[in-house]
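Structure file coords.txt; described as compact mmCIF, C-alpha atoms and all ligand atoms.
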# COMPACT_ATOMS: atom_id res chain seq x y z
CA MET A 17 -117.51 12.15 79.94
CA SER A 18 -119.45 9.60 81.99
CA LYS A 19 -119.17 5.92 81.16
CA ALA A 20 -121.72 3.12 81.27
CA ILE A 21 -121.56 -0.64 80.93
CA ALA A 22 -124.51 -2.06 79.00
CA LEU A 23 -126.04 -5.51 78.88
CA TYR A 24 -126.32 -6.07 75.16
CA SER A 25 -128.40 -8.98 73.87
CA GLY A 26 -128.49 -7.51 70.37
CA GLY A 27 -132.28 -7.15 70.54
CA LEU A 28 -134.17 -3.89 70.00
CA ASP A 29 -134.51 -2.90 73.67
CA SER A 30 -130.86 -3.38 74.48
CA ILE A 31 -129.82 -1.32 71.45
CA LEU A 32 -132.28 1.46 72.30
CA ALA A 33 -131.05 1.68 75.90
CA ILE A 34 -127.55 2.21 74.54
CA LEU A 35 -128.64 4.78 71.95
CA VAL A 36 -130.50 6.76 74.60
CA MET A 37 -127.26 6.96 76.57
CA LEU A 38 -125.13 7.84 73.54
CA LYS A 39 -127.56 10.68 72.84
CA GLN A 40 -126.73 12.07 76.27
CA GLY A 41 -123.00 11.89 75.54
CA VAL A 42 -122.37 8.83 77.72
CA GLU A 43 -119.60 6.50 76.54
CA VAL A 44 -120.94 2.92 76.42
CA THR A 45 -119.15 -0.42 76.57
CA ALA A 46 -121.64 -3.14 75.72
CA LEU A 47 -121.27 -6.69 77.05
CA HIS A 48 -122.65 -9.48 74.92
CA PHE A 49 -122.92 -12.70 76.89
CA ILE A 50 -122.46 -16.16 75.46
CA ASN A 51 -123.47 -19.42 77.11
CA ASN A 52 -123.89 -23.05 76.11
CA PHE A 53 -127.60 -22.69 75.46
CA GLY A 54 -127.60 -20.63 72.30
CA CYS A 55 -128.66 -17.25 73.66
CA ALA A 56 -126.07 -15.25 71.73
CA ILE A 57 -126.27 -13.54 68.34
CA THR A 58 -124.85 -15.98 65.82
CA ASP A 59 -123.37 -15.70 62.37
CA LYS A 60 -124.48 -17.79 59.35
CA SER A 61 -122.59 -20.85 60.57
CA GLY A 62 -124.30 -20.69 63.96
CA LEU A 63 -121.20 -19.51 65.85
CA PRO A 64 -121.34 -16.47 68.16
CA SER A 65 -121.15 -13.39 65.98
CA LYS A 66 -118.17 -11.09 66.03
CA SER A 67 -119.92 -8.41 64.04
CA PHE A 68 -122.53 -6.09 65.52
CA PRO A 69 -124.03 -3.77 62.90
CA ALA A 70 -125.67 -1.43 65.46
CA ALA A 71 -122.34 -1.03 67.29
CA GLU A 72 -120.59 -0.23 64.03
CA LYS A 73 -123.27 2.21 62.92
CA PHE A 74 -123.64 4.12 66.18
CA GLY A 75 -120.14 3.78 67.60
CA PHE A 76 -120.05 1.76 70.78
CA LYS A 77 -117.70 -1.02 71.82
CA VAL A 78 -118.88 -4.61 72.30
CA GLN A 79 -117.09 -7.15 74.47
CA LEU A 80 -118.00 -10.85 74.36
CA ILE A 81 -118.12 -12.71 77.66
CA HIS A 82 -118.63 -16.48 77.87
CA LEU A 83 -120.44 -17.34 81.08
CA GLY A 84 -119.30 -21.00 80.94
CA ASP A 85 -119.81 -23.08 84.09
CA LYS A 86 -121.28 -20.17 86.06
CA PHE A 87 -124.27 -20.27 83.73
CA ILE A 88 -124.56 -24.05 83.78
CA ASP A 89 -124.65 -23.88 87.60
CA ILE A 90 -127.64 -21.53 87.63
CA VAL A 91 -129.48 -23.61 85.02
CA LYS A 92 -129.04 -26.65 87.26
CA ASN A 93 -129.92 -24.93 90.48
CA PRO A 94 -131.44 -21.46 90.12
CA LYS A 95 -132.03 -19.60 93.38
CA PHE A 96 -135.13 -17.96 91.91
CA GLY A 97 -136.40 -20.98 90.00
CA HIS A 98 -137.00 -21.72 86.36
CA GLY A 99 -139.52 -19.95 84.14
CA LYS A 100 -142.08 -21.85 82.11
CA ASN A 101 -139.33 -24.13 80.81
CA MET A 102 -135.70 -24.54 81.95
CA ASN A 103 -134.98 -20.81 81.65
CA PRO A 104 -133.62 -19.38 84.91
CA CYS A 105 -134.25 -15.78 83.79
CA ILE A 106 -133.93 -14.00 87.15
CA ASP A 107 -130.69 -15.77 88.09
CA CYS A 108 -129.45 -15.23 84.54
CA LYS A 109 -130.02 -11.46 84.77
CA ILE A 110 -128.34 -11.37 88.18
CA LEU A 111 -125.33 -13.25 86.85
CA MET A 112 -124.96 -10.93 83.84
CA ILE A 113 -125.29 -7.84 86.00
CA LYS A 114 -122.68 -9.18 88.42
CA GLU A 115 -120.34 -9.57 85.45
CA ALA A 116 -121.22 -6.05 84.34
CA LYS A 117 -120.42 -4.78 87.84
CA GLU A 118 -116.95 -6.34 87.63
CA MET A 119 -116.44 -4.66 84.28
CA MET A 120 -117.70 -1.35 85.66
CA LEU A 121 -115.10 -1.48 88.43
CA LYS A 122 -112.36 -2.61 86.05
CA LEU A 123 -113.00 0.12 83.48
CA GLY A 124 -113.85 2.83 86.00
CA ALA A 125 -117.33 3.21 84.55
CA ASP A 126 -120.03 5.10 86.45
CA PHE A 127 -123.09 2.88 86.11
CA ILE A 128 -124.75 -0.06 84.35
CA ILE A 129 -127.65 0.02 81.90
CA THR A 130 -130.04 -2.64 80.63
CA GLY A 131 -132.83 -2.58 78.06
CA GLU A 132 -135.33 -4.00 80.55
CA VAL A 133 -138.87 -2.70 80.21
CA LEU A 134 -141.16 -2.84 83.20
CA TRP A 135 -143.89 -5.51 82.90
CA GLN A 136 -142.67 -6.67 79.50
CA ARG A 137 -142.09 -10.20 80.75
CA PRO A 138 -144.16 -11.83 83.46
CA MET A 139 -141.31 -13.22 85.52
CA SER A 140 -138.14 -11.20 85.20
CA GLN A 141 -139.49 -7.70 84.51
CA ARG A 142 -141.95 -7.10 87.32
CA ARG A 143 -141.21 -4.13 89.54
CA ASP A 144 -140.42 -6.28 92.58
CA THR A 145 -138.23 -8.58 90.46
CA LEU A 146 -136.25 -5.66 89.07
CA ASP A 147 -135.55 -4.69 92.71
CA VAL A 148 -134.50 -8.22 93.61
CA ILE A 149 -132.15 -8.39 90.62
CA GLU A 150 -130.52 -5.09 91.60
CA LYS A 151 -130.11 -6.12 95.22
CA GLU A 152 -128.83 -9.65 94.52
CA ALA A 153 -126.31 -8.38 91.96
CA GLY A 154 -125.00 -5.86 94.50
CA VAL A 155 -125.60 -2.79 92.31
CA ARG A 156 -128.19 -0.84 94.28
CA GLY A 157 -128.49 2.63 92.75
CA TYR A 158 -126.04 1.82 89.95
CA LEU A 159 -128.44 0.06 87.61
CA LEU A 160 -130.26 2.34 85.18
CA ARG A 161 -133.03 1.08 82.90
CA PRO A 162 -133.28 3.97 80.43
CA LEU A 163 -136.46 2.69 78.73
CA SER A 164 -138.50 2.51 81.96
CA ALA A 165 -136.50 4.89 84.17
CA LYS A 166 -139.31 7.40 84.60
CA LEU A 167 -141.41 4.71 86.30
CA LEU A 168 -138.59 3.67 88.61
CA LYS A 169 -136.74 5.26 91.52
CA PRO A 170 -134.02 7.68 90.33
CA THR A 171 -130.58 6.08 90.22
CA ILE A 172 -127.30 7.62 91.40
CA ALA A 173 -126.45 8.55 87.80
CA GLU A 174 -129.66 10.58 87.54
CA GLU A 175 -129.39 12.14 91.00
CA SER A 176 -125.79 13.19 90.47
CA GLY A 177 -126.55 14.71 87.05
CA LEU A 178 -124.48 12.25 84.99
CA VAL A 179 -127.72 11.46 83.19
CA ASN A 180 -130.66 13.73 82.46
CA ARG A 181 -133.76 11.92 83.74
CA ASP A 182 -135.98 14.09 81.55
CA MET A 183 -134.40 12.47 78.49
CA LEU A 184 -135.22 8.94 79.67
CA TYR A 185 -138.45 6.99 79.06
CA GLY A 186 -141.38 5.46 80.88
CA PHE A 187 -142.16 2.45 78.69
CA ASN A 188 -143.99 -0.47 80.22
CA GLY A 189 -145.90 -3.56 79.16
CA ARG A 190 -145.70 -5.91 76.24
CA SER A 191 -146.46 -3.55 73.36
CA ARG A 192 -143.38 -2.82 71.28
CA LYS A 193 -144.88 0.16 69.50
CA PRO A 194 -143.17 2.82 71.67
CA GLN A 195 -139.81 1.12 71.13
CA MET A 196 -140.39 0.95 67.38
CA ALA A 197 -141.26 4.64 67.30
CA LEU A 198 -138.14 5.47 69.31
CA ALA A 199 -136.02 3.31 66.99
CA LYS A 200 -137.30 5.32 64.04
CA GLU A 201 -136.59 8.59 65.82
CA LEU A 202 -133.02 7.50 66.63
CA GLY A 203 -132.29 6.24 63.10
CA LEU A 204 -132.25 2.58 64.02
CA THR A 205 -133.66 0.82 60.99
CA GLU A 206 -132.39 -2.75 61.33
CA TYR A 207 -132.87 -4.86 64.41
CA PRO A 208 -133.74 -8.49 65.07
CA ALA A 209 -137.37 -9.60 65.52
CA PRO A 210 -138.35 -10.17 69.16
CA ALA A 211 -137.80 -13.90 69.43
CA GLY A 212 -135.93 -15.82 72.08
CA GLY A 213 -132.71 -17.31 70.80
CA CYS A 214 -132.47 -18.94 74.21
CA LEU A 215 -132.89 -22.70 73.95
CA LEU A 216 -133.88 -22.81 77.61
CA THR A 217 -137.24 -21.30 76.67
CA ASP A 218 -137.88 -24.12 74.17
CA PRO A 219 -140.11 -26.88 75.64
CA VAL A 220 -138.56 -29.74 73.65
CA TYR A 221 -135.01 -28.69 74.44
CA SER A 222 -135.95 -28.14 78.09
CA GLN A 223 -137.40 -31.64 78.35
CA ARG A 224 -134.18 -33.10 76.98
CA LEU A 225 -132.11 -31.03 79.37
CA GLU A 226 -134.25 -32.06 82.33
CA ASP A 227 -133.78 -35.69 81.35
CA LEU A 228 -130.02 -35.22 81.03
CA LEU A 229 -129.67 -33.52 84.42
CA LYS A 230 -131.89 -36.12 86.10
CA TYR A 231 -129.54 -38.95 85.17
CA ASN A 232 -126.30 -37.00 84.92
CA PRO A 233 -126.18 -34.00 87.26
CA ASP A 234 -122.69 -33.15 86.07
CA PRO A 235 -122.83 -33.45 82.28
CA GLU A 236 -119.94 -32.72 79.94
CA ILE A 237 -120.29 -29.77 77.56
CA LYS A 238 -120.51 -32.35 74.77
CA ASP A 239 -123.70 -33.81 76.35
CA ILE A 240 -125.21 -30.33 76.57
CA ASN A 241 -124.26 -29.49 72.99
CA LEU A 242 -125.77 -32.71 71.69
CA LEU A 243 -129.16 -31.72 73.12
CA LYS A 244 -129.40 -29.13 70.35
CA THR A 245 -129.73 -31.69 67.62
CA GLY A 246 -131.14 -35.06 66.53
CA ARG A 247 -133.61 -37.49 68.07
CA HIS A 248 -132.81 -38.54 71.63
CA PHE A 249 -133.33 -41.95 73.21
CA ARG A 250 -132.89 -42.72 76.91
CA ILE A 251 -131.79 -46.37 77.03
CA SER A 252 -131.00 -46.57 80.73
CA GLU A 253 -130.04 -44.30 83.61
CA LYS A 254 -126.51 -44.33 82.27
CA THR A 255 -126.96 -44.44 78.51
CA LYS A 256 -128.40 -42.25 75.77
CA ILE A 257 -128.47 -42.64 72.01
CA ILE A 258 -128.65 -39.66 69.66
CA VAL A 259 -129.77 -40.08 66.05
CA GLY A 260 -129.32 -37.42 63.35
CA ARG A 261 -132.55 -36.46 61.54
CA ASP A 262 -130.92 -35.25 58.34
CA GLU A 263 -127.57 -34.30 56.87
CA LYS A 264 -127.46 -31.03 58.78
CA ASP A 265 -128.02 -32.89 62.05
CA ASN A 266 -125.40 -35.47 61.13
CA ASP A 267 -122.86 -32.69 60.47
CA LEU A 268 -123.71 -30.94 63.73
CA ILE A 269 -123.47 -34.17 65.73
CA GLU A 270 -120.14 -34.93 64.07
CA SER A 271 -118.83 -31.47 65.03
CA PHE A 272 -119.39 -32.27 68.72
CA LEU A 273 -117.67 -35.67 68.68
CA SER A 274 -114.09 -36.74 69.32
CA ASP A 275 -112.10 -39.87 68.39
CA ASP A 276 -113.26 -41.53 71.61
CA ASP A 277 -116.89 -41.59 70.47
CA ILE A 278 -118.39 -44.60 68.74
CA ARG A 279 -120.17 -43.66 65.48
CA ILE A 280 -122.82 -45.84 63.84
CA TRP A 281 -124.28 -45.58 60.34
CA VAL A 282 -125.56 -47.60 57.37
CA ASP A 283 -123.10 -47.42 54.50
CA THR A 284 -125.29 -48.77 51.72
CA HIS A 285 -128.31 -46.45 52.08
CA GLY A 286 -129.12 -42.93 53.25
CA SER A 287 -128.41 -43.01 56.97
CA PRO A 288 -128.47 -41.02 60.16
CA LEU A 289 -125.29 -40.68 62.18
CA VAL A 290 -125.87 -42.33 65.54
CA VAL A 291 -123.85 -41.73 68.67
CA MET A 292 -124.08 -43.17 72.18
CA ARG A 293 -123.32 -41.34 75.42
CA GLY A 294 -122.62 -42.84 78.83
CA HIS A 295 -122.22 -46.53 79.58
CA ILE A 296 -121.71 -48.56 76.39
CA ASP A 297 -121.55 -52.35 75.99
CA GLU A 298 -122.14 -54.75 73.13
CA GLU A 299 -125.90 -55.02 73.83
CA ILE A 300 -126.25 -51.24 73.62
CA ILE A 301 -124.21 -51.12 70.41
CA LYS A 302 -126.59 -53.70 68.89
CA LEU A 303 -129.63 -51.72 70.04
CA ALA A 304 -128.17 -48.48 68.63
CA ALA A 305 -127.41 -50.27 65.35
CA SER A 306 -131.04 -51.46 65.09
CA ILE A 307 -132.32 -47.93 65.78
CA CYS A 308 -129.91 -46.59 63.15
CA ALA A 309 -131.23 -49.16 60.65
CA ALA A 310 -134.82 -48.15 61.47
CA TYR A 311 -134.11 -44.54 60.51
CA SER A 312 -132.05 -45.39 57.42
CA GLY A 313 -133.12 -45.85 53.82
CA ALA A 314 -132.90 -49.61 54.46
CA LYS A 315 -135.62 -49.60 57.13
CA LYS A 316 -137.91 -51.91 55.12
CA LEU A 317 -135.29 -54.65 54.69
CA PRO A 318 -135.42 -57.64 57.04
CA SER A 319 -131.78 -57.15 58.01
CA VAL A 320 -129.35 -54.32 57.49
CA GLU A 321 -125.57 -54.09 57.57
CA VAL A 322 -124.60 -51.35 59.99
CA THR A 323 -121.11 -49.89 60.34
CA ILE A 324 -119.65 -49.30 63.81
CA GLN A 325 -116.60 -47.09 64.08
CA SER A 326 -114.60 -46.77 67.27
CA ARG A 327 -110.98 -46.07 68.23
CA GLU A 328 -110.28 -49.75 67.53
CA GLY A 329 -111.40 -49.40 63.91
CA LYS A 330 -114.44 -50.20 61.77
CA ARG A 331 -116.63 -53.30 61.82
CA VAL A 332 -120.00 -54.23 60.37
CA ILE A 333 -122.86 -55.95 62.18
CA THR A 334 -126.09 -57.22 60.68
CA THR A 335 -129.34 -56.39 62.47
CA PRO A 336 -133.07 -56.13 61.79
CA PRO A 337 -134.31 -52.51 62.04
CA ALA A 338 -135.80 -51.69 65.48
CA ASP A 339 -139.61 -51.77 65.43
CA LYS A 340 -141.80 -48.78 66.25
CA SER A 341 -142.70 -49.92 69.77
CA LEU A 342 -139.02 -50.23 70.71
CA ILE A 343 -138.31 -46.80 69.33
CA GLU A 344 -141.23 -45.23 71.22
CA LYS A 345 -140.17 -46.97 74.43
CA TYR A 346 -136.86 -45.16 74.53
CA ARG A 347 -137.63 -41.84 72.84
CA VAL A 348 -137.16 -38.72 75.01
S1 LIG B 401 -134.30 -16.17 78.12
FE1 LIG B 401 -133.87 -16.02 80.31
S2 LIG B 401 -132.31 -17.55 80.68
FE2 LIG B 401 -132.33 -17.22 78.46
S3 LIG B 401 -130.78 -15.63 78.13
FE3 LIG B 401 -132.75 -14.57 78.37
S4 LIG B 401 -132.82 -14.05 80.56
FE4 LIG B 401 -131.25 -15.62 80.31
Starting from the file, lay out its structure as structure tokens.
Ligand code: SF4
Amino acid sequence: MSKAIALYSGGLDSILAILVMLKQGVEVTALHFINNFGCAITDKSGLPSKSFPAAEKFGFKVQLIHLGDKFIDIVKNPKFGHGKNMNPCIDCKILMIKEAKEMMLKLGADFIITGEVLWQRPMSQRRDTLDVIEKEAGVRGYLLRPLSAKLLKPTIAEESGLVNRDMLYGFNGRSRKPQMALAKELGLTEYPAPAGGCLLTDPVYSQRLEDLLKYNPDPEIKDINLLKTGRHFRISEKTKIIVGRDEKDNDLIESFLSDDDIRIWVDTHGSPLVVMRGHIDEEIIKLAASICAAYSGAKKLPSVEVTIQSREGKRVITTPPADKSLIEKYRV
């Protein structure tokens, strides 16, 4: 039995590519990649999922791989540039396929598959880009795209008879109708809607990330995680303030913090959780306290008691809420 390694995002195309191979009797190990920018399938609590209904239903293995710093490096400095926002899609594909190549060699698999569809995306799925990806990842001839294979040069798997090219497809373009028809034919009834879970394609998130990298080219994971939530204020080249928008934000911010972080909130009224990153001094603490007061239920009072908690303990300072112009001045 021949074996394939699949790139598995959990989306319709990646599932179909796998099902097309299973139909030909190919054993598939699917790799689901995780990074710090939310591109993975998550469970209800927002953590990377450990359950994959399609894998369970159709019988293929899924392995999770965290791309960690390798992914952060390509976001900071992609060889092939960013897309419309901070998404380095071509470098991202190359990185994932390189990882798949390592797995192919480790498991003694014969080839790699992806759910890529020619011309589906303007940047990463053009014919010339598919070639670049294959070449840069060092997998010439070993990368099969079952959904568009009939429009592409035959791969080694097809030429050697491991895969029947006649049973592959020639999908192209942005329409998803052919994929939906194929899903129906193959008994695939549940699959996620085509939406990017990748925060790097989000303009607001991308702007925050750009700001972070501009002032801190080597951010901690905590700084990257905090970009996902709250309102962000750039106080100086070295300092940022993050303000929770609601209880959910406050909880998420809290989950990223450690005992070393200074937390700020208003005890007597509904309040955001405020945290500072980077250089912190007493002036910045006072500014953060006034911003916290401005977003609290006490924002109309002339002065507000704000709690500051650090490793040294808790204290309360009294401050007027920051006015609108101050808030706008620093808002990212
Ligand atoms: S959107 Fe682009 S950068 Fe994000 S996971 Fe997909 S290919 Fe990678």
Write out as a ChimeraX atom specification the residues lying within 8 Å of range 139-148 of chain A, counting all atoms listed in the file and excluding same-chain residues fewer than 4 positions away.
-> /A:99,105-106,132-135,152
Do a neighbour search on Val291 in chain A at 6 Å with only C-alpha atoms, toss out local chain neighbours closer than 2 positions, and write the hits as a PyMOL selection string.
-> chain A and resi 257-258+279
Could you list, as a ChimeraX atom specification, all the residues within 8 Å of ligand LIG 401 (chain B), counting only C-alpha atoms and all ligand atoms?
-> /A:53,55-56,91,99,102-109,140,212-217
Taking all atoms listed in the file into account, which of A:Asp283, A:Ile172, A:Ala305, A:Ala199 comes nearest Ser30 in chain A?
->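 Result for the nearest residue to Ser30 in chain A: A:Ala199.
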In Å, rounded to a single decimal, give me how far CA of Ile31 in chain A is from CA of Ala70 in chain A.
->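 Calculated distance between CA of Ala70 in chain A and CA of Ile31 in chain A is 7.3 Å.
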Take the point (-125.0, 3.6, 84.1) in the file's coordinates, draw a sphere of radius 9 Å around it, and report as a list in words every protein, DNA or RNA residue with an atom inside or on it, counting only C-alpha atoms.
->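 Looking at atoms near the point gives Ser18, Lys19, Ala20, Ile21, Ala22, Met37, Val42, Val44, Met120, Ala125, Asp126, Phe127, Ile128, Ile129, Thr130, Tyr158, Leu159, Leu160, Arg161, Thr171, Ile172, Ala173, Leu178 and Val179 of chain A.
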Ile149 in chain A proximity check over A:Tyr346, A:Phe96, A:Gly329, A:Met17, using all atoms listed in the file: winner is A:Phe96
Could you name the residues that touch Ile324 in chain A at 9 Å or less, counting all atoms listed in the file, but leaving out those on the same chain fewer than 4 positions away, as a PyMOL selection string?
-> chain A and resi 278-282+301+305+329-333
Keeping C-alpha atoms, export the residues of the selection given above as a short mmCIF file (atom, residue, chain, number, x, y, z; two decimals), in the coordinates of the input.
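Okay, this is what ended up in out_38.cif:
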data_model
loop_
_atom_site.label_atom_id
_atom_site.label_comp_id
_atom_site.auth_asym_id
_atom_site.auth_seq_id
_atom_site.Cartn_x
_atom_site.Cartn_y
_atom_site.Cartn_z
CA ILE A 278 -118.39 -44.60 68.74
CA ARG A 279 -120.17 -43.66 65.48
CA ILE A 280 -122.82 -45.84 63.84
CA TRP A 281 -124.28 -45.58 60.34
CA VAL A 282 -125.56 -47.60 57.37
CA ILE A 301 -124.21 -51.12 70.41
CA ALA A 305 -127.41 -50.27 65.35
CA GLY A 329 -111.40 -49.40 63.91
CA LYS A 330 -114.44 -50.20 61.77
CA ARG A 331 -116.63 -53.30 61.82
CA VAL A 332 -120.00 -54.23 60.37
CA ILE A 333 -122.86 -55.95 62.18
#
What is the distance, in Å and to one decimal place, between CA of Ala338 in chain A and CA of Asp297 in chain A?
-> 17.7 Å
If you count all atoms listed in the file, which residues fall within 8 Å of His48 in chain A, apart from same-chain ones fewer than 2 positions away, as a list in words?
->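 Listing them by chain and then by number gives Leu23, Tyr24, Ser25, Gly26, Ala46, Ile50, Ala56, Val78, Gln79, Leu80 and Ile81 of chain A.
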Pick out the closest residue to Pro138 in chain A from this set: A:Lys122, A:Gly54, A:Arg190, A:Lys230. Count all atoms listed in the file.
->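 Checking each of A:Lys122, A:Gly54, A:Arg190, A:Lys230 against Pro138 in chain A, counting all atoms listed in the file, the winner is A:Arg190.
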Pick out the residues sitting within 6 Å of Thr245 in chain A, and hand them over as a list of chain:residue names; count all atoms listed in the file, and ignore anything fewer than 2 positions along from it in its own chain.
-> A:Leu242, A:Leu243, A:Asp265
CA of Ala304 in chain A and CA of Asn232 in chain A, how far apart in Å?
->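 Distance between the two atoms: 20.0 Å.
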Selected residue of minimal separation from Asn241 in chain A among A:Leu184, A:Leu167, A:Val259, A:Ile269, counting all atoms listed in the file | A:Ile269
Compare A:Leu111, A:Cys308, A:Val348, A:Ile34 by their minimum atom-to-atom distance to Ile88 in chain A, counting all atoms listed in the file, and give me the closest one.
->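 Once distances to Ile88 in chain A are computed over all atoms listed in the file, the minimum belongs to A:Leu111.
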Is it possible to produce a file of range 94-118 of chain A from this structure, with N, CA and C atoms, as a PDB file, in the first residue's frame?
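To be explicit, this is the file written out as selection.pdb:
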ATOM      1  N   PRO A  94       9.350  37.426   5.560  1.00  0.00           N
ATOM      2  CA  PRO A  94       9.039  36.398   4.548  1.00  0.00           C
ATOM      3  C   PRO A  94       9.823  36.609   3.244  1.00  0.00           C
ATOM      4  N   LYS A  95      10.432  35.567   2.769  1.00  0.00           N
ATOM      5  CA  LYS A  95      11.199  35.661   1.514  1.00  0.00           C
ATOM      6  C   LYS A  95      10.302  36.119   0.361  1.00  0.00           C
ATOM      7  N   PHE A  96       9.051  35.646   0.374  1.00  0.00           N
ATOM      8  CA  PHE A  96       8.151  35.964  -0.746  1.00  0.00           C
ATOM      9  C   PHE A  96       7.118  37.043  -0.390  1.00  0.00           C
ATOM     10  N   GLY A  97       7.364  37.733   0.695  1.00  0.00           N
ATOM     11  CA  GLY A  97       6.530  38.881   1.042  1.00  0.00           C
ATOM     12  C   GLY A  97       5.225  38.504   1.728  1.00  0.00           C
ATOM     13  N   HIS A  98       4.560  39.551   2.209  1.00  0.00           N
ATOM     14  CA  HIS A  98       3.255  39.362   2.847  1.00  0.00           C
ATOM     15  C   HIS A  98       2.164  39.468   1.794  1.00  0.00           C
ATOM     16  N   GLY A  99       0.994  38.946   2.132  1.00  0.00           N
ATOM     17  CA  GLY A  99      -0.180  39.123   1.268  1.00  0.00           C
ATOM     18  C   GLY A  99      -0.763  40.505   1.528  1.00  0.00           C
ATOM     19  N   LYS A 100      -2.088  40.593   1.439  1.00  0.00           N
ATOM     20  CA  LYS A 100      -2.747  41.878   1.631  1.00  0.00           C
ATOM     21  C   LYS A 100      -2.490  42.428   3.049  1.00  0.00           C
ATOM     22  N   ASN A 101      -2.403  41.534   4.006  1.00  0.00           N
ATOM     23  CA  ASN A 101      -2.120  41.948   5.382  1.00  0.00           C
ATOM     24  C   ASN A 101      -0.768  41.351   5.806  1.00  0.00           C
ATOM     25  N   MET A 102      -0.662  40.835   7.032  1.00  0.00           N
ATOM     26  CA  MET A 102       0.639  40.311   7.468  1.00  0.00           C
ATOM     27  C   MET A 102       0.797  38.820   7.139  1.00  0.00           C
ATOM     28  N   ASN A 103      -0.063  38.284   6.305  1.00  0.00           N
ATOM     29  CA  ASN A 103      -0.040  36.852   6.000  1.00  0.00           C
ATOM     30  C   ASN A 103       1.061  36.498   4.985  1.00  0.00           C
ATOM     31  N   PRO A 104       2.036  35.709   5.417  1.00  0.00           N
ATOM     32  CA  PRO A 104       3.115  35.331   4.498  1.00  0.00           C
ATOM     33  C   PRO A 104       2.783  33.996   3.828  1.00  0.00           C
ATOM     34  N   CYS A 105       1.701  33.956   3.030  1.00  0.00           N
ATOM     35  CA  CYS A 105       1.135  32.666   2.616  1.00  0.00           C
ATOM     36  C   CYS A 105       2.119  31.763   1.852  1.00  0.00           C
ATOM     37  N   ILE A 106       2.924  32.349   0.967  1.00  0.00           N
ATOM     38  CA  ILE A 106       3.814  31.480   0.176  1.00  0.00           C
ATOM     39  C   ILE A 106       4.871  30.850   1.091  1.00  0.00           C
ATOM     40  N   ASP A 107       5.487  31.676   1.925  1.00  0.00           N
ATOM     41  CA  ASP A 107       6.492  31.133   2.859  1.00  0.00           C
ATOM     42  C   ASP A 107       5.860  30.140   3.832  1.00  0.00           C
ATOM     43  N   CYS A 108       4.621  30.407   4.205  1.00  0.00           N
ATOM     44  CA  CYS A 108       3.910  29.521   5.131  1.00  0.00           C
ATOM     45  C   CYS A 108       3.713  28.138   4.497  1.00  0.00           C
ATOM     46  N   LYS A 109       3.275  28.140   3.236  1.00  0.00           N
ATOM     47  CA  LYS A 109       3.083  26.864   2.527  1.00  0.00           C
ATOM     48  C   LYS A 109       4.411  26.121   2.414  1.00  0.00           C
ATOM     49  N   ILE A 110       5.466  26.880   2.074  1.00  0.00           N
ATOM     50  CA  ILE A 110       6.785  26.243   1.918  1.00  0.00           C
ATOM     51  C   ILE A 110       7.213  25.605   3.243  1.00  0.00           C
ATOM     52  N   LEU A 111       7.030  26.353   4.323  1.00  0.00           N
ATOM     53  CA  LEU A 111       7.421  25.826   5.633  1.00  0.00           C
ATOM     54  C   LEU A 111       6.650  24.542   5.969  1.00  0.00           C
ATOM     55  N   MET A 112       5.339  24.558   5.724  1.00  0.00           N
ATOM     56  CA  MET A 112       4.538  23.372   6.062  1.00  0.00           C
ATOM     57  C   MET A 112       4.946  22.180   5.189  1.00  0.00           C
ATOM     58  N   ILE A 113       5.248  22.471   3.923  1.00  0.00           N
ATOM     59  CA  ILE A 113       5.616  21.355   3.039  1.00  0.00           C
ATOM     60  C   ILE A 113       7.008  20.810   3.405  1.00  0.00           C
ATOM     61  N   LYS A 114       7.880  21.705   3.860  1.00  0.00           N
ATOM     62  CA  LYS A 114       9.188  21.223   4.343  1.00  0.00           C
ATOM     63  C   LYS A 114       9.004  20.278   5.538  1.00  0.00           C
ATOM     64  N   GLU A 115       8.094  20.658   6.424  1.00  0.00           N
ATOM     65  CA  GLU A 115       7.808  19.792   7.581  1.00  0.00           C
ATOM     66  C   GLU A 115       7.207  18.465   7.110  1.00  0.00           C
ATOM     67  N   ALA A 116       6.346  18.558   6.105  1.00  0.00           N
ATOM     68  CA  ALA A 116       5.728  17.336   5.569  1.00  0.00           C
ATOM     69  C   ALA A 116       6.792  16.447   4.926  1.00  0.00           C
ATOM     70  N   LYS A 117       7.777  17.081   4.296  1.00  0.00           N
ATOM     71  CA  LYS A 117       8.857  16.299   3.668  1.00  0.00           C
ATOM     72  C   LYS A 117       9.628  15.510   4.738  1.00  0.00           C
ATOM     73  N   GLU A 118       9.917  16.200   5.858  1.00  0.00           N
ATOM     74  CA  GLU A 118      10.617  15.505   6.958  1.00  0.00           C
ATOM     75  C   GLU A 118       9.810  14.315   7.433  1.00  0.00           C
TER      76      GLU A 118
END
